[in-house]
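J.: Take a look at the following structure, please.
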Amino acid sequence: MGFTYLASPFEHKNPDVMEARCESVRLITSSLVAKGDVVFSPIAYTENSELPEPPQGWLKFDLAMLQCADLLLIACMPGHQDSAGIKQEIEFAKKHDIKTKTLEPKIIQEIIGATLWERSKGNV
């Protein structure tokens, strides 16, 4: 049985935006799991862990998980285009022939709601 690796943005200069992004990703992950998907989200599952030197300290762990995944699903939420982590995950997936898909903003907004969407941009 394979699984989907959910890539999403995290880092931001505003801690409230980072918190909103974490909350958003937890909701997205829960929604996908409720539909029967097997999903690993580094942010949802390791947010409070004490791995070394975030964010680069996480990269070794994240890529090891991604290497075992059948699919890299990119959450196209605020900040995803500027995320260094997502860029590295996409590059890794290409090098390892891991299929890549996007979870579009409209679907994400339906899952997380307008307020959380705006908070994840830093607009609230």
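In the structure tokens, the first chain shown is A, the next is B, and so on; residue numbers restart at 1 for each chain, and ligands run from 1 in the order shown.
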Per DSSP on the backbone, what are the helix (DSSP H, G or I) residues of region 58-120 of chain A, as a PyMOL selection string?
T.: chain A and resi 58-68+80-82+84-95+105-112+114-120
J.: For the selection just defined, write its residues with C-alpha atoms to a file, as an mmCIF file, in the first residue's frame.
T.:
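Result file follows (out.cif):
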data_model
loop_
_atom_site.group_PDB
_atom_site.id
_atom_site.type_symbol
_atom_site.label_atom_id
_atom_site.label_comp_id
_atom_site.auth_asym_id
_atom_site.auth_seq_id
_atom_site.Cartn_x
_atom_site.Cartn_y
_atom_site.Cartn_z
ATOM 1 C CA TRP A 58 13.801 18.590 8.597
ATOM 2 C CA LEU A 59 14.825 18.138 4.986
ATOM 3 C CA LYS A 60 16.637 14.820 5.460
ATOM 4 C CA PHE A 61 13.611 13.392 7.279
ATOM 5 C CA ASP A 62 11.115 14.792 4.760
ATOM 6 C CA LEU A 63 12.977 13.527 1.703
ATOM 7 C CA ALA A 64 13.321 10.052 3.216
ATOM 8 C CA MET A 65 9.545 9.962 3.573
ATOM 9 C CA LEU A 66 8.992 11.416 0.104
ATOM 10 C CA GLN A 67 11.242 8.773 -1.423
ATOM 11 C CA CYS A 68 8.785 6.099 -0.207
ATOM 12 C CA HIS A 80 3.438 27.668 -1.973
ATOM 13 C CA GLN A 81 5.129 29.315 -4.967
ATOM 14 C CA ASP A 82 7.797 30.909 -2.762
ATOM 15 C CA ALA A 84 12.035 26.693 -0.704
ATOM 16 C CA GLY A 85 10.953 23.396 0.868
ATOM 17 C CA ILE A 86 8.310 22.717 -1.769
ATOM 18 C CA LYS A 87 10.807 23.565 -4.519
ATOM 19 C CA GLN A 88 13.239 21.016 -3.074
ATOM 20 C CA GLU A 89 10.490 18.415 -2.738
ATOM 21 C CA ILE A 90 9.428 18.924 -6.373
ATOM 22 C CA GLU A 91 13.011 18.613 -7.585
ATOM 23 C CA PHE A 92 13.500 15.458 -5.517
ATOM 24 C CA ALA A 93 10.268 13.957 -6.883
ATOM 25 C CA LYS A 94 11.403 14.656 -10.462
ATOM 26 C CA LYS A 95 14.773 12.992 -9.863
ATOM 27 C CA PRO A 105 -6.734 26.699 -4.240
ATOM 28 C CA LYS A 106 -10.500 26.347 -4.768
ATOM 29 C CA ILE A 107 -10.513 22.887 -3.163
ATOM 30 C CA ILE A 108 -8.280 24.053 -0.311
ATOM 31 C CA GLN A 109 -10.540 27.043 0.376
ATOM 32 C CA GLU A 110 -13.562 24.722 0.524
ATOM 33 C CA ILE A 111 -11.739 22.642 3.140
ATOM 34 C CA ILE A 112 -10.267 25.392 5.321
ATOM 35 C CA ALA A 114 -12.141 31.919 3.820
ATOM 36 C CA THR A 115 -10.911 33.191 7.190
ATOM 37 C CA LEU A 116 -8.159 30.612 7.568
ATOM 38 C CA TRP A 117 -7.195 31.131 3.897
ATOM 39 C CA GLU A 118 -6.741 34.854 4.566
ATOM 40 C CA ARG A 119 -4.856 34.203 7.814
ATOM 41 C CA SER A 120 -2.445 31.919 5.956
#
J.: Set the distance at 10 Å and use only C-alpha atoms: which residues neighbour Leu73 (chain A) once local chain neighbours fewer than 4 positions away are removed? I'd like the list as a PyMOL selection string.
T.: chain A and resi 4-8+39-41+90+99-103
J.: Measuring between only C-alpha atoms, which one of A:Glu104, A:Met77, A:Ser31, A:Arg26 shows the shortest distance to Ile43 (chain A)?
T.: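 Once distances to Ile43 (chain A) are computed over only C-alpha atoms, the minimum belongs to A:Arg26.
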J.: For Lys121 (chain A), which residue among A:Lys35, A:Val25, A:Pro9, A:Val17 is the nearest when counting only C-alpha atoms?
T.: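 Among the listed residues, the smallest separation from Lys121 (chain A) belongs to A:Val17.
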J.: With only C-alpha atoms as the basis for distance, which of A:Asp97, A:Asn123, A:Gly79, A:Tyr45 is at the shortest distance from Arg21 (chain A)?
T.: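 That would be A:Gly79, the residue with the smallest distance to Arg21 (chain A).
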J.: For Glu19 (chain A), which residue among A:Ala69, A:Leu32, A:Val38, A:Ala44 is the nearest when counting only C-alpha atoms?
T.: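 Smallest distance to Glu19 (chain A) is found for A:Ala44.
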J.: Quick one: pick out all strand (DSSP E) residues within chain A from a backbone DSSP run and write them as a ChimeraX atom specification.
T.: /A:4-7,39-40,71-75,99-103
J.: What is the CA of Ala75 (chain A)-CA of Gly2 (chain A) distance in Å, reported with one decimal?
T.: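 CA of Gly2 (chain A) lies 19.0 Å from CA of Ala75 (chain A).
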